[in-house]
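See below for the structure under consideration.
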Amino acid sequence: MKPSRALRQLCLVFMGGLACWANAAPQHGLTLYDEQPKYPADFQHFDYVNPNAPKGGTFREAASGSFDSLNPFLIKGVPANNLSLIYDTLARESLDEPVAEYGLIAEKIEKAPDNSWVRFYLREQAHFHDGHPIRAEDVAFSFRTLMKDGSPKYRTYYSDVADVIVESPLRVRFQFKHTSNRELPFILGQLPVLPMHWWATRDFSKGNLEVPLGSGPYKILDVKPGRSIRYERVKDYWGADLPINRGFYNFDYMVSDYYRDNSVALEALKAGQLDYWLEISAKNWASAYNIPAVAQGRLIKEQIANGNPTGMQGFIFNLRKPMFQDIRVRQAISLLLDFEWTNKQLFNSAYTRTRSYFENSEMAATGLPGPEELRILEPFRGALPAQVFEQSFQPPVTDASGMIRAQQRQAYQLLQEAGWRIVDDKMVDPQGNPLSIEFLLAQSEFERILLPFKRNLADLGIDLVIRRVDVSQYINRLRSRDFDMLVGSFPQSISPGNEQREYWMSSSADNPGSRNLIGLKDPIIDDLVEGLINADSRASLVAHAKALDRVLQWGYYVIPNWHIKTWRVAYWDHVSHPQVAPKYDIGVSTWWIKPDAKPAVEPAPDHQAAAAEAVQ
């Protein structure tokens, strides 16, 4: 006897419901396109840690400038270094997978089959440092507080969240406005959970130096305003034995000492005042470590492979300034940076010229657009430069002799086409206003790089004023967009997403806390960013990233700088790290102090004086 049609339909509905239930079952981890994560539910530790790493010792590192706030979530003030150590998040990313997240405060994560919501199941044992349990109401409070009083970036990150719903003390659900933002569950997994009971009697919107209550592996032990901050490992940290934390957070104490000048901080490292240093200067890497401690193997120099996209570092044009709104002016000025000479004379030929906003990844646009890129770009053909479709972008290349007459002639022609001319050895606009550019700078190391660029500009009657300011003034001017040009970067992950809104979209251009330093307000770029964020497969993501890359390249919004595909680190031999490094991070949080090891060396008197002068 055949079942009735109604019964068959009911069975189909029931089976469909079971399928949906199966797809939405709580998981220990998430991946962006619903592949199986690398680590199974019963994993014991990540591959890039030493699960038996010894605990103990003090780890000292340098921070730059100063600080006046212990609230890293506000746009106000300059927050201290490493404040993320005191806060746990709902989940945490793996450092050796492109996009994978595993539960931390949340034991399980459940995502709707149609991506309309995400639900977090909290661990019952999770608690803040005062013993107060972490509950769903704390998660909801954290989200709402960051949306209301936090930096504008949070309103951008979480803009697609319709509501946060406390379903039970250990269960919280985020409802989405639409289903196309695949990355949103991951972004919410990175939500720092704040203690609602502690903030009930305090004003979150006012940054200050009151030590906040957290739940993470460290707590703040000592603060010397503007000079140093000292963290202590929480001995009874609730999450210490979780597989996600095994092998992490091995130092008993972590200290960030503040230095006004990186050259002084480097001297402090060599004197034994610091344990670790991430070197960003090719010149220093080549010549500043010729000391006995390095020759003897006590101070170790190491290059660690960096699998991340290097992103774009460059000299950024502020399009809010009228003189930079003409693409020909931006292109002309771009021609006057002689990278080949700079790399040879100043960097010991250590760097490669950056050409892509997604450099060192499969998302970098190279060659001519492929079929999928053309499909994405075709609707905008009439409004985009023809080169987007016809040429592969390449910054100018010189012979490294320091003579760039061909580039200067081309730049002069572009400026003439844009209405500029030379009068009394000055480049002036039709109204007679000179082309004078203030380059805002906080890093002293860049002055020697900018001086040859300044000379090349001066040859065409363009005045480049290098304005070096302290970190606090720099941050304030950055937020108020009070600059003509500056050195900036747009870091990229292996799977770009919502942060692209912060970089490029019109909606972020006027937000003082956004990363849209350029001041971009272009509806085509807005569409390309949304397409990237809403990509439904890795192949689609790559195609959208390449299309966006091409449009940004040919817009001449920055003068591309340079990159290296390794991290250059120096550390004293009483510090050790796992044999396997994470692909996408240096992994300092997995390092440890060797038991019974002596801390570096006794500082020499001249280095002591230098360090004392810097740490003020």
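Within each chain, counting starts at residue 1; across the structure tokens, chains are named A, B, ... in the order shown, with ligands numbered 1 upward in that order.
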Where does DSSP see strand (DSSP E or B) in range 326-560 of chain A, if you list the residues as a CSV table (one decimal) with N, CA and C atoms, in the first residue's frame?
```
chain,number,residue,atom,x,y,z
A,352,THR,N,61.1,44.0,-2.3
A,352,THR,CA,60.4,43.9,-3.6
A,352,THR,C,59.3,45.0,-3.6
A,353,ARG,N,59.2,45.6,-4.8
A,353,ARG,CA,58.2,46.6,-4.9
A,353,ARG,C,56.8,46.1,-4.9
A,421,ARG,N,51.4,74.6,-14.1
A,421,ARG,CA,52.5,75.1,-14.9
A,421,ARG,C,53.6,75.6,-13.9
A,422,ILE,N,54.8,75.8,-14.5
A,422,ILE,CA,55.9,76.2,-13.6
A,422,ILE,C,56.1,77.7,-13.8
A,423,VAL,N,56.0,78.5,-12.7
A,423,VAL,CA,56.2,79.9,-12.7
A,423,VAL,C,57.3,80.2,-11.6
A,426,LYS,N,58.3,77.3,-9.5
A,426,LYS,CA,57.3,76.7,-8.7
A,426,LYS,C,56.2,76.2,-9.5
A,427,MET,N,55.7,75.0,-9.2
A,427,MET,CA,54.6,74.4,-9.9
A,427,MET,C,53.3,75.0,-9.3
A,428,VAL,N,52.5,75.7,-10.2
A,428,VAL,CA,51.4,76.4,-9.7
A,428,VAL,C,50.1,76.0,-10.5
A,434,PRO,N,50.8,77.5,-5.4
A,434,PRO,CA,51.9,76.5,-5.5
A,434,PRO,C,51.4,75.2,-5.1
A,436,SER,N,52.2,72.6,-2.9
A,436,SER,CA,53.0,72.3,-1.7
A,436,SER,C,52.3,71.2,-1.0
A,437,ILE,N,53.0,70.1,-0.6
A,437,ILE,CA,52.5,69.0,0.1
A,437,ILE,C,53.1,68.8,1.4
A,438,GLU,N,52.2,68.7,2.5
A,438,GLU,CA,52.8,68.3,3.8
A,438,GLU,C,52.7,66.8,4.0
A,439,PHE,N,53.8,66.2,4.3
A,439,PHE,CA,53.8,64.8,4.5
A,439,PHE,C,53.9,64.5,6.0
A,440,LEU,N,52.8,64.0,6.6
A,440,LEU,CA,52.7,63.8,8.1
A,440,LEU,C,53.4,62.5,8.4
A,441,LEU,N,54.3,62.6,9.5
A,441,LEU,CA,55.1,61.5,9.8
A,441,LEU,C,55.3,61.3,11.3
A,463,ASP,N,56.9,71.4,-3.7
A,463,ASP,CA,57.5,71.5,-2.3
A,463,ASP,C,56.9,70.4,-1.5
A,464,LEU,N,57.8,69.5,-0.9
A,464,LEU,CA,57.3,68.5,0.0
A,464,LEU,C,57.8,68.9,1.4
A,465,VAL,N,56.9,69.2,2.3
A,465,VAL,CA,57.2,69.5,3.7
A,465,VAL,C,57.1,68.3,4.5
A,466,ILE,N,58.1,67.8,5.1
A,466,ILE,CA,58.1,66.6,6.0
A,466,ILE,C,57.8,67.1,7.4
A,467,ARG,N,56.6,66.8,7.9
A,467,ARG,CA,56.2,67.2,9.2
A,467,ARG,C,56.2,66.1,10.2
A,468,ARG,N,57.2,66.0,11.0
A,468,ARG,CA,57.3,64.9,12.0
A,468,ARG,C,56.7,65.4,13.3
A,485,MET,N,49.6,63.9,2.8
A,485,MET,CA,50.1,62.6,2.5
A,485,MET,C,50.6,62.0,3.8
A,486,LEU,N,50.7,60.7,3.9
A,486,LEU,CA,51.3,60.0,5.0
A,486,LEU,C,51.7,58.6,4.6
A,487,VAL,N,52.5,57.9,5.4
A,487,VAL,CA,52.7,56.5,5.2
A,487,VAL,C,51.6,55.7,5.8
A,488,GLY,N,51.0,54.8,5.1
A,488,GLY,CA,49.9,54.1,5.7
A,488,GLY,C,49.9,52.7,5.1
A,489,SER,N,49.1,51.8,5.7
A,489,SER,CA,49.0,50.4,5.2
A,489,SER,C,47.6,49.9,5.3
A,490,PHE,N,47.3,49.0,4.4
A,490,PHE,CA,46.0,48.3,4.4
A,490,PHE,C,46.3,46.8,4.5
A,558,VAL,N,47.5,55.5,-3.9
A,558,VAL,CA,48.7,55.5,-3.1
A,558,VAL,C,49.9,55.3,-4.0
A,559,ILE,N,51.0,55.7,-3.5
A,559,ILE,CA,52.3,55.4,-4.1
A,559,ILE,C,52.8,54.1,-3.5
A,560,PRO,N,52.7,52.9,-4.2
A,560,PRO,CA,53.1,51.7,-3.5
A,560,PRO,C,54.5,51.7,-3.0
```
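Closest approach to Asn308 in chain A among A:Pro496, A:Gly65, A:Pro379, A:Gly367: A:Pro496, based on only C-alpha atoms.
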Quiz item: Can you list, as an MDAnalysis selection string, every residue of range 191-240 of chain A that DSSP puts in helix (DSSP H, G or I)?
Solution: chainID A and resid 196:199
Using the selection just defined, write its residues with C-alpha atoms as a short mmCIF file (atom, residue, chain, number, x, y, z; two decimals), in the first residue's frame.
```cif
data_model
loop_
_atom_site.label_atom_id
_atom_site.label_comp_id
_atom_site.auth_asym_id
_atom_site.auth_seq_id
_atom_site.Cartn_x
_atom_site.Cartn_y
_atom_site.Cartn_z
CA MET A 196 28.32 43.86 32.41
CA HIS A 197 28.35 43.93 36.22
CA TRP A 198 31.65 45.82 36.34
CA TRP A 199 30.69 48.42 33.75
#
```
Self-check item: Length of the CA of Phe393 in chain A to CA of Tyr351 in chain A vector [Å]
Solution: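 That distance, rounded to one decimal, is 18.8 Å.
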Practice problem: May I ask for the distance between CA of Leu221 in chain A and CA of Thr89 in chain A, given in Å to one decimal place? | Solution: 21.0 Å
Quiz item: What separation in Å, quoted to one decimal, exists between CA of Gln345 in chain A and CA of Trp562 in chain A?
Solution: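 CA of Gln345 in chain A sits 14.3 Å away from CA of Trp562 in chain A.
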Self-check item: Asn245 in chain A surroundings by only C-alpha atoms, 10 Å radius, close-in-sequence under 2 positions cut, as a ChimeraX atom specification
Solution: /A:44-46,49,51,92,104,217,239-243,247-249,589-590
Exercise. Would you kindly return, as a PyMOL selection string, each protein, DNA or RNA residue with an atom no farther than 9 Å from any atom of Tyr102 in chain A, considering only C-alpha atoms and excluding same-chain residues fewer than 6 positions away?
Key: chain A and resi 27-30+37+39+90-94+108-109+189+244
What does the file look like for those residues with C-alpha atoms, as a PDB file, in the first residue's frame?
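The resulting file, out-v6.pdb, is reproduced below:
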```pdb
ATOM      1  CA  GLN A  27      30.006  22.735  15.895  1.00  0.00           C
ATOM      2  CA  HIS A  28      33.303  23.099  17.756  1.00  0.00           C
ATOM      3  CA  GLY A  29      34.622  25.262  14.915  1.00  0.00           C
ATOM      4  CA  LEU A  30      33.627  27.092  11.757  1.00  0.00           C
ATOM      5  CA  PRO A  37      38.092  22.484   9.801  1.00  0.00           C
ATOM      6  CA  TYR A  39      41.291  20.269  13.744  1.00  0.00           C
ATOM      7  CA  LEU A  90      33.665  33.984  21.908  1.00  0.00           C
ATOM      8  CA  ALA A  91      35.986  32.135  19.514  1.00  0.00           C
ATOM      9  CA  ARG A  92      39.522  32.406  18.217  1.00  0.00           C
ATOM     10  CA  GLU A  93      41.104  31.953  14.810  1.00  0.00           C
ATOM     11  CA  SER A  94      43.521  29.197  13.998  1.00  0.00           C
ATOM     12  CA  LYS A 108      29.856  25.287  20.450  1.00  0.00           C
ATOM     13  CA  ILE A 109      28.824  27.481  17.538  1.00  0.00           C
ATOM     14  CA  GLY A 189      33.147  35.055  17.092  1.00  0.00           C
ATOM     15  CA  ILE A 244      42.647  25.960  21.989  1.00  0.00           C
TER      16      ILE A 244
END
```
